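Text of final12.cif (mmCIF, C-alpha atoms) as supplied:
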```
data_upload
#
loop_
_atom_site.label_atom_id
_atom_site.label_comp_id
_atom_site.auth_asym_id
_atom_site.auth_seq_id
_atom_site.Cartn_x
_atom_site.Cartn_y
_atom_site.Cartn_z
CA MET X 165 -75.76 107.49 36.66
CA ALA X 166 -78.32 107.92 33.90
CA LEU X 167 -77.79 106.10 30.64
CA ASP X 168 -75.36 107.98 28.39
CA PRO X 169 -77.42 110.14 25.95
CA ALA X 170 -75.72 108.71 22.87
CA VAL X 171 -76.30 105.17 24.14
CA LYS X 172 -79.95 105.93 24.86
CA ASN X 173 -80.40 107.38 21.39
CA LEU X 174 -78.86 104.28 19.81
CA ILE X 175 -80.98 101.87 21.87
CA ASP X 176 -84.14 103.86 21.09
CA THR X 177 -83.32 103.78 17.38
CA LEU X 178 -82.66 100.03 17.41
CA ASN X 179 -85.91 99.43 19.29
CA GLU X 180 -87.81 101.52 16.74
CA GLN X 181 -86.27 99.38 14.00
CA GLY X 182 -87.58 96.27 15.75
CA LEU X 183 -84.23 94.70 16.53
CA LYS X 184 -84.77 91.39 18.31
CA SER X 185 -82.75 90.20 21.29
CA PHE X 186 -79.92 87.89 20.28
CA GLU X 187 -81.46 84.77 21.81
CA GLN X 188 -84.47 85.29 19.50
CA MET X 189 -82.31 85.28 16.36
CA SER X 190 -80.87 82.54 14.20
CA ILE X 191 -77.10 82.09 14.15
CA ALA X 192 -77.00 83.71 10.71
CA GLU X 193 -78.97 86.72 11.99
CA VAL X 194 -76.68 87.13 14.99
CA ARG X 195 -73.64 87.13 12.72
CA GLU X 196 -75.22 89.68 10.39
CA VAL X 197 -76.13 92.01 13.27
CA VAL X 198 -72.66 91.79 14.81
CA GLU X 199 -71.02 92.60 11.46
CA SER X 200 -73.28 95.63 11.16
CA PHE X 201 -71.48 97.24 14.10
CA SER X 202 -68.89 98.41 11.57
CA GLY X 203 -71.50 101.00 10.55
CA LEU X 204 -71.29 102.54 14.04
CA GLN X 205 -67.55 103.16 13.83
CA ALA X 206 -65.36 106.18 13.21
CA PRO X 207 -63.17 106.42 10.08
CA LYS X 208 -60.28 103.98 10.03
CA ALA X 209 -56.86 105.21 11.11
CA ASP X 210 -53.87 104.81 8.81
CA VAL X 211 -51.12 102.37 9.71
CA ALA X 212 -47.94 101.65 7.76
CA ARG X 213 -48.81 98.06 6.89
CA VAL X 214 -51.68 95.61 7.20
CA VAL X 215 -50.71 92.00 6.61
CA ASP X 216 -53.22 89.19 6.20
CA THR X 217 -51.81 85.75 6.84
CA VAL X 218 -52.66 82.55 8.74
CA TYR X 219 -51.55 80.70 11.82
CA PRO X 220 -51.76 76.92 12.22
CA GLY X 221 -54.57 76.05 14.61
CA PRO X 222 -55.45 72.62 15.99
CA GLY X 223 -58.38 72.44 13.55
CA GLY X 224 -56.58 73.94 10.58
CA ASP X 225 -55.26 77.32 9.50
CA GLN X 226 -56.92 80.40 10.96
CA ALA X 227 -56.68 83.97 9.72
CA VAL X 228 -54.59 86.56 11.52
CA ARG X 229 -54.42 90.22 10.54
CA LEU X 230 -51.38 92.27 11.55
CA TYR X 231 -51.58 96.04 11.94
CA ILE X 232 -48.02 97.38 11.87
CA PRO X 233 -47.11 101.03 12.53
CA GLU X 234 -43.96 102.60 11.08
CA SER X 235 -40.96 101.98 13.35
CA GLU X 236 -37.22 101.54 13.06
CA THR X 237 -37.12 99.34 16.17
CA PRO X 238 -39.16 96.27 17.17
CA LEU X 239 -42.56 97.19 18.57
CA PRO X 240 -44.57 95.65 21.42
CA ILE X 241 -47.32 93.28 20.35
CA VAL X 242 -50.97 93.12 21.34
CA VAL X 243 -52.69 89.86 20.45
CA TYR X 244 -56.33 90.88 20.07
CA ILE X 245 -59.22 88.41 20.20
CA HIS X 246 -62.60 89.70 19.02
CA GLY X 247 -65.92 89.33 20.78
CA GLY X 248 -69.25 88.21 19.39
CA GLY X 249 -70.52 85.66 21.90
CA TRP X 250 -68.18 82.97 20.54
CA VAL X 251 -70.60 82.63 17.60
CA ALA X 252 -70.03 85.85 15.67
CA GLY X 253 -67.52 88.63 15.04
CA SER X 254 -64.67 88.81 12.59
CA LEU X 255 -61.43 90.53 11.66
CA ASP X 256 -63.42 92.89 9.44
CA VAL X 257 -65.80 94.29 12.04
CA THR X 258 -62.92 94.92 14.44
CA GLU X 259 -60.57 96.50 11.91
CA GLN X 260 -61.32 100.07 12.98
CA PRO X 261 -60.56 99.60 16.72
CA CYS X 262 -57.49 97.52 15.88
CA ARG X 263 -56.13 100.17 13.54
CA ALA X 264 -56.74 102.86 16.16
CA LEU X 265 -54.94 100.82 18.81
CA ALA X 266 -51.93 100.18 16.58
CA ALA X 267 -51.69 103.83 15.58
CA ASP X 268 -52.21 105.39 19.01
CA ALA X 269 -50.38 102.89 21.22
CA LYS X 270 -47.54 102.36 18.71
CA VAL X 271 -47.88 98.59 18.91
CA VAL X 272 -48.26 95.78 16.46
CA VAL X 273 -51.81 94.49 16.78
CA ALA X 274 -52.20 90.84 15.82
CA ALA X 275 -55.93 90.19 15.47
CA LEU X 276 -56.82 86.50 15.60
CA SER X 277 -59.73 84.67 14.07
CA TYR X 278 -60.83 81.42 15.66
CA ARG X 279 -63.37 78.66 15.15
CA LEU X 280 -66.87 79.80 16.03
CA ALA X 281 -69.69 78.04 17.85
CA PRO X 282 -72.07 76.33 17.56
CA GLU X 283 -70.32 74.58 14.66
CA HIS X 284 -67.19 74.38 16.81
CA LYS X 285 -67.93 74.27 20.51
CA PHE X 286 -65.57 74.55 23.48
CA PRO X 287 -62.62 73.97 23.56
CA ALA X 288 -62.10 74.93 19.89
CA ALA X 289 -61.92 78.72 20.39
CA PRO X 290 -59.44 78.77 23.31
CA GLU X 291 -57.27 76.15 21.62
CA ASP X 292 -57.09 78.33 18.53
CA ALA X 293 -56.40 81.49 20.55
CA PHE X 294 -53.50 79.90 22.41
CA ALA X 295 -52.06 78.51 19.18
CA GLY X 296 -52.38 81.99 17.66
CA LEU X 297 -50.56 83.61 20.56
CA ASN X 298 -47.69 81.16 20.26
CA TRP X 299 -47.47 81.67 16.50
CA VAL X 300 -47.37 85.45 16.91
CA VAL X 301 -44.57 85.29 19.50
CA GLU X 302 -42.59 82.77 17.43
CA HIS X 303 -42.84 84.95 14.31
CA ALA X 304 -42.57 88.35 16.00
CA ALA X 305 -39.33 89.31 14.29
CA ASP X 306 -40.85 88.63 10.87
CA PHE X 307 -43.21 91.60 11.19
CA GLY X 308 -41.21 94.01 13.33
CA GLY X 309 -42.56 92.84 16.67
CA ASP X 310 -40.80 92.37 19.99
CA GLY X 311 -41.64 88.89 21.26
CA THR X 312 -40.56 89.82 24.78
CA ARG X 313 -43.22 92.55 25.09
CA VAL X 314 -46.57 90.91 24.44
CA ALA X 315 -50.07 91.45 25.79
CA VAL X 316 -53.35 89.65 25.17
CA MET X 317 -56.54 91.63 24.80
CA GLY X 318 -60.18 90.98 24.04
CA ASP X 319 -63.70 92.30 24.48
CA SER X 320 -66.80 90.41 25.64
CA ALA X 321 -66.35 86.75 24.58
CA GLY X 322 -62.94 87.84 23.30
CA GLY X 323 -62.20 89.06 26.82
CA ASN X 324 -63.02 85.56 27.99
CA LEU X 325 -60.62 84.09 25.44
CA ALA X 326 -57.90 86.60 26.34
CA ALA X 327 -58.23 85.71 30.04
CA VAL X 328 -58.15 82.00 29.22
CA THR X 329 -55.12 82.48 26.98
CA ALA X 330 -53.30 84.26 29.81
CA LEU X 331 -54.18 81.39 32.15
CA ARG X 332 -52.87 78.83 29.66
CA ALA X 333 -49.66 80.77 29.12
CA ARG X 334 -49.11 80.85 32.87
CA ASP X 335 -49.97 77.17 33.30
CA THR X 336 -47.64 76.03 30.51
CA GLY X 337 -44.85 78.44 31.40
CA ALA X 338 -44.80 80.23 28.03
CA PRO X 339 -45.05 82.54 26.34
CA ALA X 340 -44.38 85.24 28.90
CA LEU X 341 -46.95 88.04 28.86
CA ARG X 342 -46.54 91.63 30.02
CA ALA X 343 -50.26 92.31 30.37
CA GLN X 344 -53.84 91.32 29.71
CA VAL X 345 -56.58 93.76 28.74
CA LEU X 346 -60.09 92.47 29.41
CA ILE X 347 -62.90 94.66 28.09
CA TYR X 348 -66.27 93.76 29.65
CA PRO X 349 -65.29 90.07 29.63
CA VAL X 350 -67.86 87.28 29.85
CA ILE X 351 -65.92 85.02 32.20
CA ASP X 352 -68.27 83.02 34.43
CA GLY X 353 -70.65 80.50 32.87
CA THR X 354 -72.53 80.07 36.14
CA ALA X 355 -72.53 83.71 37.31
CA ARG X 356 -75.38 84.77 39.60
CA PHE X 357 -74.38 88.31 40.48
CA PRO X 358 -76.82 91.22 41.02
CA SER X 359 -75.99 92.84 37.67
CA ARG X 360 -77.67 89.89 35.93
CA GLU X 361 -80.97 91.03 37.44
CA GLU X 362 -80.37 94.78 37.50
CA ASN X 363 -79.44 94.93 33.81
CA ALA X 364 -81.40 91.93 32.58
CA GLU X 365 -83.16 93.77 29.74
CA GLY X 366 -82.96 97.01 27.83
CA TYR X 367 -79.21 97.46 27.42
CA LEU X 368 -78.40 95.84 24.04
CA VAL X 369 -77.31 92.46 25.45
CA SER X 370 -79.80 90.86 27.83
CA THR X 371 -79.24 88.24 30.50
CA ALA X 372 -81.20 85.79 28.35
CA ALA X 373 -78.85 86.55 25.44
CA ILE X 374 -75.75 85.98 27.57
CA ASP X 375 -77.15 82.61 28.68
CA TRP X 376 -77.97 81.73 25.05
CA PHE X 377 -74.42 82.53 23.95
CA TRP X 378 -73.04 80.25 26.66
CA GLU X 379 -75.39 77.48 25.47
CA GLN X 380 -74.08 77.81 21.92
CA TYR X 381 -70.48 77.76 23.10
CA LEU X 382 -70.26 75.01 25.70
CA ALA X 383 -70.27 71.36 24.63
CA THR X 384 -71.81 70.28 27.95
CA PRO X 385 -73.18 72.19 30.97
CA GLU X 386 -70.26 70.81 32.99
CA ASP X 387 -67.85 72.77 30.80
CA ALA X 388 -68.98 75.92 32.62
CA GLU X 389 -66.86 74.74 35.58
CA ASN X 390 -63.70 74.42 33.46
CA PRO X 391 -61.33 77.38 34.03
CA TYR X 392 -60.43 77.32 30.34
CA ALA X 393 -64.10 78.00 29.57
CA SER X 394 -64.92 80.12 32.63
CA PRO X 395 -61.66 81.71 33.82
CA ALA X 396 -63.48 82.88 36.95
CA LYS X 397 -63.46 79.22 38.01
CA ALA X 398 -59.66 79.15 38.32
CA ALA X 399 -58.85 78.66 41.99
CA ASP X 400 -55.36 80.11 41.56
CA LEU X 401 -54.99 83.42 39.75
CA SER X 402 -51.51 84.21 41.01
CA GLY X 403 -48.77 84.72 38.47
CA LEU X 404 -51.03 86.24 35.84
CA PRO X 405 -49.79 89.37 34.07
CA SER X 406 -50.73 92.93 34.97
CA THR X 407 -54.39 93.37 34.14
CA LEU X 408 -56.64 96.15 32.90
CA LEU X 409 -60.36 95.44 33.35
CA LEU X 410 -62.81 97.81 31.66
CA LEU X 411 -66.42 97.42 32.81
CA ASN X 412 -69.65 99.30 32.13
CA GLU X 413 -72.43 100.23 34.52
CA TYR X 414 -75.37 98.87 32.51
CA GLU X 415 -73.87 95.48 31.83
CA VAL X 416 -75.17 91.99 32.61
CA THR X 417 -71.61 90.79 33.20
CA ARG X 418 -70.44 93.82 35.19
CA ASP X 419 -70.30 92.16 38.59
CA GLU X 420 -68.46 89.03 37.45
CA GLY X 421 -65.79 91.38 36.09
CA VAL X 422 -65.66 93.30 39.39
CA ASP X 423 -65.31 90.01 41.27
CA TYR X 424 -62.56 88.77 38.95
CA GLY X 425 -60.63 92.00 39.44
CA ARG X 426 -60.94 91.69 43.21
CA ARG X 427 -59.71 88.10 43.15
CA LEU X 428 -56.77 89.01 40.92
CA ALA X 429 -55.74 91.75 43.35
CA ASP X 430 -56.18 89.46 46.36
CA GLN X 431 -53.79 86.97 44.75
CA GLY X 432 -51.09 89.52 44.05
CA VAL X 433 -51.75 90.40 40.43
CA PRO X 434 -51.38 94.11 39.62
CA VAL X 435 -54.86 95.05 38.43
CA GLN X 436 -56.57 98.26 37.33
CA VAL X 437 -60.37 98.19 37.20
CA GLU X 438 -62.25 100.99 35.45
CA LEU X 439 -66.05 101.16 35.70
CA TYR X 440 -67.71 103.45 33.16
CA GLU X 441 -70.99 104.89 34.37
CA GLY X 442 -73.80 105.22 31.88
CA LEU X 443 -72.34 102.84 29.29
CA VAL X 444 -73.39 99.41 27.99
CA HIS X 445 -71.96 96.30 26.39
CA ALA X 446 -70.18 96.57 23.02
CA VAL X 447 -69.39 100.31 23.14
CA TYR X 448 -65.71 99.61 22.42
CA TRP X 449 -66.77 98.85 18.84
CA MET X 450 -69.09 101.89 18.59
CA THR X 451 -66.47 104.55 18.09
CA GLY X 452 -68.58 106.64 15.74
CA ALA X 453 -71.95 106.35 17.45
CA ILE X 454 -70.84 106.58 21.10
CA PRO X 455 -68.30 109.38 21.70
CA ARG X 456 -67.40 108.01 25.14
CA SER X 457 -66.04 104.88 23.47
CA ALA X 458 -62.89 107.02 23.27
CA GLU X 459 -62.57 106.77 27.05
CA LEU X 460 -62.10 103.00 26.88
CA HIS X 461 -59.66 103.32 24.00
CA GLY X 462 -57.67 105.96 25.85
CA ALA X 463 -57.47 103.80 28.96
CA VAL X 464 -56.11 100.89 26.93
CA VAL X 465 -53.50 103.06 25.21
CA GLU X 466 -52.34 104.56 28.51
CA PHE X 467 -52.18 101.20 30.28
CA LEU X 468 -50.22 99.51 27.50
CA GLY X 469 -47.77 102.41 27.38
CA LYS X 470 -46.93 101.81 31.02
CA GLN X 471 -46.69 98.03 30.68
CA PHE X 472 -44.45 98.15 27.62
CA ALA X 473 -42.15 100.91 28.86
CA GLY X 474 -38.51 99.91 29.01
#
```

Translate this structure into structure tokens?
Amino acid sequence: MALDPAVKNLIDTLNEQGLKSFEQMSIAEVREVVESFSGLQAPKADVARVVDTVYPGPGGDQAVRLYIPESETPLPIVVYIHGGGWVAGSLDVTEQPCRALAADAKVVVAALSYRLAPEHKFPAAPEDAFAGLNWVVEHAADFGGDGTRVAVMGDSAGGNLAAVTALRARDTGAPALRAQVLIYPVIDGTARFPSREENAEGYLVSTAAIDWFWEQYLATPEDAENPYASPAKAADLSGLPSTLLLLNEYEVTRDEGVDYGRRLADQGVPVQVELYEGLVHAVYWMTGAIPRSAELHGAVVEFLGKQFAG
């Protein structure tokens, strides 16, 4: 399918403005550009309460922001982990999608911060994410959440961390998860699939940029073989929770997501894979600029409704 018209317009505008590819930027520039995505978002939805607090991570306290809809009964919980190539992203730039998810899915969204690379390389981020998940489940009753109905969710590098967190929860036996939602996850540090060549340049995040992000994140090249860095390297995917995988056509990491979904299904995990033609990386955050971002949001809301029913 041809590139979505709104996506093409955005890419053309960014090119006219001279936006460099991420691997050509400094860390500070990458972080500034990622934060600027908030300017591409729709107005923020209202929720009953937003609570800023912290959870104890292995390297010190980390911020967590809770989006809590009005409810007289405990609500399911979605632990959301933001993307940004493990080096960027924040609770602020993801506030709009998190508010929308809380309001439309009628769930508590617990958005986690975590230590960023390259100052804090692997395994800092997944250690923080798993600690955050455990804190959220332990304190669920404090903020009107139901600790027996919990999902992990993330986009891009956050999709990686959500997948890793689900693996760790399975491997340690707790906490129990109802679902994982992986939005165009970057999950294989040694991927060599056709989409790396087909979509290498011209679609916001290049193959060279993906490789650069991995270089910032991993402490050693050998870490790319560790399933807690590259969840695609896990030999055994059985016992993972029901999975929603959202992938885009013009995406460097598209095929590694397709392969991960196939392997999950082969090993008995209920999995739903949605491939969006004409779309590119990061559209989940572009709710104002890319109207079809609503399709991804709607798929998440529908999937979570089914997983949390009963």

For this session: Identify all residues satisfying the PyMOL selection byres ((chain X and resi 231) around 6) in the given file; provide them as a ChimeraX atom specification.
Result: /X:214,230,232,272-273

Taking 2 positions as the minimum chain separation for residues in the same chain, which residues sit within 6 Å of segment 439-451 of chain X when counting all atoms listed in the file? Answer as a PDB file with C-alpha atoms, in the frame of the given file.
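Heads up, here's the output in selection.pdb:
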```pdb
ATOM      1  CA  MET X 165     -75.760 107.490  36.660  1.00  0.00           C
ATOM      2  CA  ALA X 166     -78.320 107.920  33.900  1.00  0.00           C
ATOM      3  CA  LEU X 167     -77.790 106.100  30.640  1.00  0.00           C
ATOM      4  CA  ASP X 168     -75.360 107.980  28.390  1.00  0.00           C
ATOM      5  CA  LEU X 204     -71.290 102.540  14.040  1.00  0.00           C
ATOM      6  CA  GLN X 205     -67.550 103.160  13.830  1.00  0.00           C
ATOM      7  CA  ALA X 206     -65.360 106.180  13.210  1.00  0.00           C
ATOM      8  CA  LEU X 411     -66.420  97.420  32.810  1.00  0.00           C
ATOM      9  CA  ASN X 412     -69.650  99.300  32.130  1.00  0.00           C
ATOM     10  CA  GLU X 413     -72.430 100.230  34.520  1.00  0.00           C
ATOM     11  CA  TYR X 414     -75.370  98.870  32.510  1.00  0.00           C
ATOM     12  CA  GLU X 415     -73.870  95.480  31.830  1.00  0.00           C
ATOM     13  CA  ALA X 453     -71.950 106.350  17.450  1.00  0.00           C
ATOM     14  CA  ILE X 454     -70.840 106.580  21.100  1.00  0.00           C
ATOM     15  CA  SER X 457     -66.040 104.880  23.470  1.00  0.00           C
TER      16      SER X 457
END
```

For this session: Can you give me, as a PyMOL selection string, the residues this file yields under the PyMOL selection byres ((chain X and resi 187-190) around 10)?
Result: chain X and resi 183-186+191-197+369-377

Writer output for current selection, C-alpha atoms, as an mmCIF file, in the coordinates of the input:
```cif
data_model
loop_
_atom_site.group_PDB
_atom_site.id
_atom_site.type_symbol
_atom_site.label_atom_id
_atom_site.label_comp_id
_atom_site.auth_asym_id
_atom_site.auth_seq_id
_atom_site.Cartn_x
_atom_site.Cartn_y
_atom_site.Cartn_z
ATOM 1 C CA LEU X 183 -84.230 94.700 16.530
ATOM 2 C CA LYS X 184 -84.770 91.390 18.310
ATOM 3 C CA SER X 185 -82.750 90.200 21.290
ATOM 4 C CA PHE X 186 -79.920 87.890 20.280
ATOM 5 C CA ILE X 191 -77.100 82.090 14.150
ATOM 6 C CA ALA X 192 -77.000 83.710 10.710
ATOM 7 C CA GLU X 193 -78.970 86.720 11.990
ATOM 8 C CA VAL X 194 -76.680 87.130 14.990
ATOM 9 C CA ARG X 195 -73.640 87.130 12.720
ATOM 10 C CA GLU X 196 -75.220 89.680 10.390
ATOM 11 C CA VAL X 197 -76.130 92.010 13.270
ATOM 12 C CA VAL X 369 -77.310 92.460 25.450
ATOM 13 C CA SER X 370 -79.800 90.860 27.830
ATOM 14 C CA THR X 371 -79.240 88.240 30.500
ATOM 15 C CA ALA X 372 -81.200 85.790 28.350
ATOM 16 C CA ALA X 373 -78.850 86.550 25.440
ATOM 17 C CA ILE X 374 -75.750 85.980 27.570
ATOM 18 C CA ASP X 375 -77.150 82.610 28.680
ATOM 19 C CA TRP X 376 -77.970 81.730 25.050
ATOM 20 C CA PHE X 377 -74.420 82.530 23.950
#
```

Exercise. Which neighbours of Val465 of chain X fall inside 8 Å, counting only C-alpha atoms, when residues of the same chain fewer than 3 positions from it are skipped, and could you give them as JSON, numbers by chain?
Worked result: {"X": [265, 268, 269, 461, 462, 468, 469]}

May I have the selected residues written with C-alpha atoms, as a PDB file, in the coordinates of the input?
```pdb
ATOM      1  CA  LEU X 265     -54.940 100.820  18.810  1.00  0.00           C
ATOM      2  CA  ASP X 268     -52.210 105.390  19.010  1.00  0.00           C
ATOM      3  CA  ALA X 269     -50.380 102.890  21.220  1.00  0.00           C
ATOM      4  CA  HIS X 461     -59.660 103.320  24.000  1.00  0.00           C
ATOM      5  CA  GLY X 462     -57.670 105.960  25.850  1.00  0.00           C
ATOM      6  CA  LEU X 468     -50.220  99.510  27.500  1.00  0.00           C
ATOM      7  CA  GLY X 469     -47.770 102.410  27.380  1.00  0.00           C
TER       8      GLY X 469
END
```

For this session: Kindly resolve the PyMOL selection byres ((chain X and resi 329) around 9) on the present coordinates and return the residues as a ChimeraX atom specification.
Result: /X:290-291,293-294,297,316,324-328,330-334,392

Let's have the selection written as a short mmCIF file (atom, residue, chain, number, x, y, z; two decimals), keeping the file's coordinate frame, with C-alpha atoms.
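Final output, part_6.cif:
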```cif
data_model
loop_
_atom_site.label_atom_id
_atom_site.label_comp_id
_atom_site.auth_asym_id
_atom_site.auth_seq_id
_atom_site.Cartn_x
_atom_site.Cartn_y
_atom_site.Cartn_z
CA PRO X 290 -59.44 78.77 23.31
CA GLU X 291 -57.27 76.15 21.62
CA ALA X 293 -56.40 81.49 20.55
CA PHE X 294 -53.50 79.90 22.41
CA LEU X 297 -50.56 83.61 20.56
CA VAL X 316 -53.35 89.65 25.17
CA ASN X 324 -63.02 85.56 27.99
CA LEU X 325 -60.62 84.09 25.44
CA ALA X 326 -57.90 86.60 26.34
CA ALA X 327 -58.23 85.71 30.04
CA VAL X 328 -58.15 82.00 29.22
CA ALA X 330 -53.30 84.26 29.81
CA LEU X 331 -54.18 81.39 32.15
CA ARG X 332 -52.87 78.83 29.66
CA ALA X 333 -49.66 80.77 29.12
CA ARG X 334 -49.11 80.85 32.87
CA TYR X 392 -60.43 77.32 30.34
#
```

For this session: Can you work out which one of X:Thr312, X:Tyr424, X:Arg456, X:Pro287 has the shortest atom-to-atom distance to Asp387 of chain X, counting all atoms listed in the file?
Result: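 Closest residue, counting all atoms listed in the file: X:Pro287.
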
Problem set entry | Separation of atom CA of Gly323 of chain X from atom CA of Pro207 of chain X, in Å and rounded to one decimal | 24.1 Å

Exercise. For Arg213 of chain X, which of X:Thr417, X:Ser406, X:Gln181, X:Ser235 is the closest residue, counting all atoms listed in the file?
Worked result: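 Checking each candidate against Arg213 of chain X, we get X:Ser235 as the closest.
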
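Counting from atom CA of Asp310 of chain X, the distance to atom CA of Thr237 of chain X is 8.8 Å.
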
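Between atom CA of Gly432 of chain X and atom CA of Glu420 of chain X the interatomic distance comes to 18.6 Å.
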
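Closest approach to Ala458 of chain X among X:Ile175, X:Ala264, X:Leu255, X:Ala209 is made by X:Ala264 (distances from only C-alpha atoms).
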
Exercise. Pick the closest to Pro358 of chain X from X:His246, X:Arg313, X:His303, X:Arg418: which is it, counting all atoms listed in the file?
Worked result: X:Arg418

For this session: Would you mind listing what lies within 10 Å of Gln471 of chain X as a list in words, with only C-alpha atoms counted and same-chain residues fewer than 3 positions away left out?
Result: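 Contacts, in chain order: Pro240, Arg313, Val314, Ala315, Arg342, Ala343, Gln344, Pro405, Ser406, Thr407, Glu466, Phe467, Leu468 and Gly474 of chain X.
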
For this session: Go through X:Ala274, X:Gly318, X:Phe201, X:Ala355 one by one, measure the shortest atom-to-atom distance of each to Leu178 of chain X using all atoms listed in the file, and give the residue with the smallest value.
Result: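 When distances to Leu178 of chain X are compared using all atoms listed in the file, the smallest one comes from X:Phe201.
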
For this session: Would you list the residues near (-66.1, 90.0, 39.4) (no more than 10 Å away, in the coordinates of the file, using all atoms listed in the file) as JSON, numbers by chain?
Result: {"X": [349, 351, 352, 355, 357, 396, 409, 411, 417, 418, 419, 420, 421, 422, 423, 424, 425, 426, 427, 428]}

What would the file look like if the residues just selected were written as a JSON list (two decimals), in the coordinates of the input with C-alpha atoms?
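What landed in part-v6.json:
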```json
[["chain", "number", "residue", "atom", "x", "y", "z"],
["X", 349, "PRO", "CA", -65.29, 90.07, 29.63],
["X", 351, "ILE", "CA", -65.92, 85.02, 32.20],
["X", 352, "ASP", "CA", -68.27, 83.02, 34.43],
["X", 355, "ALA", "CA", -72.53, 83.71, 37.31],
["X", 357, "PHE", "CA", -74.38, 88.31, 40.48],
["X", 396, "ALA", "CA", -63.48, 82.88, 36.95],
["X", 409, "LEU", "CA", -60.36, 95.44, 33.35],
["X", 411, "LEU", "CA", -66.42, 97.42, 32.81],
["X", 417, "THR", "CA", -71.61, 90.79, 33.20],
["X", 418, "ARG", "CA", -70.44, 93.82, 35.19],
["X", 419, "ASP", "CA", -70.30, 92.16, 38.59],
["X", 420, "GLU", "CA", -68.46, 89.03, 37.45],
["X", 421, "GLY", "CA", -65.79, 91.38, 36.09],
["X", 422, "VAL", "CA", -65.66, 93.30, 39.39],
["X", 423, "ASP", "CA", -65.31, 90.01, 41.27],
["X", 424, "TYR", "CA", -62.56, 88.77, 38.95],
["X", 425, "GLY", "CA", -60.63, 92.00, 39.44],
["X", 426, "ARG", "CA", -60.94, 91.69, 43.21],
["X", 427, "ARG", "CA", -59.71, 88.10, 43.15],
["X", 428, "LEU", "CA", -56.77, 89.01, 40.92]]
```

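Considering all atoms listed in the file, the residue among X:Ser320, X:Ser202, X:Gln226, X:Asn363 positioned nearest to Leu410 of chain X is X:Ser320.
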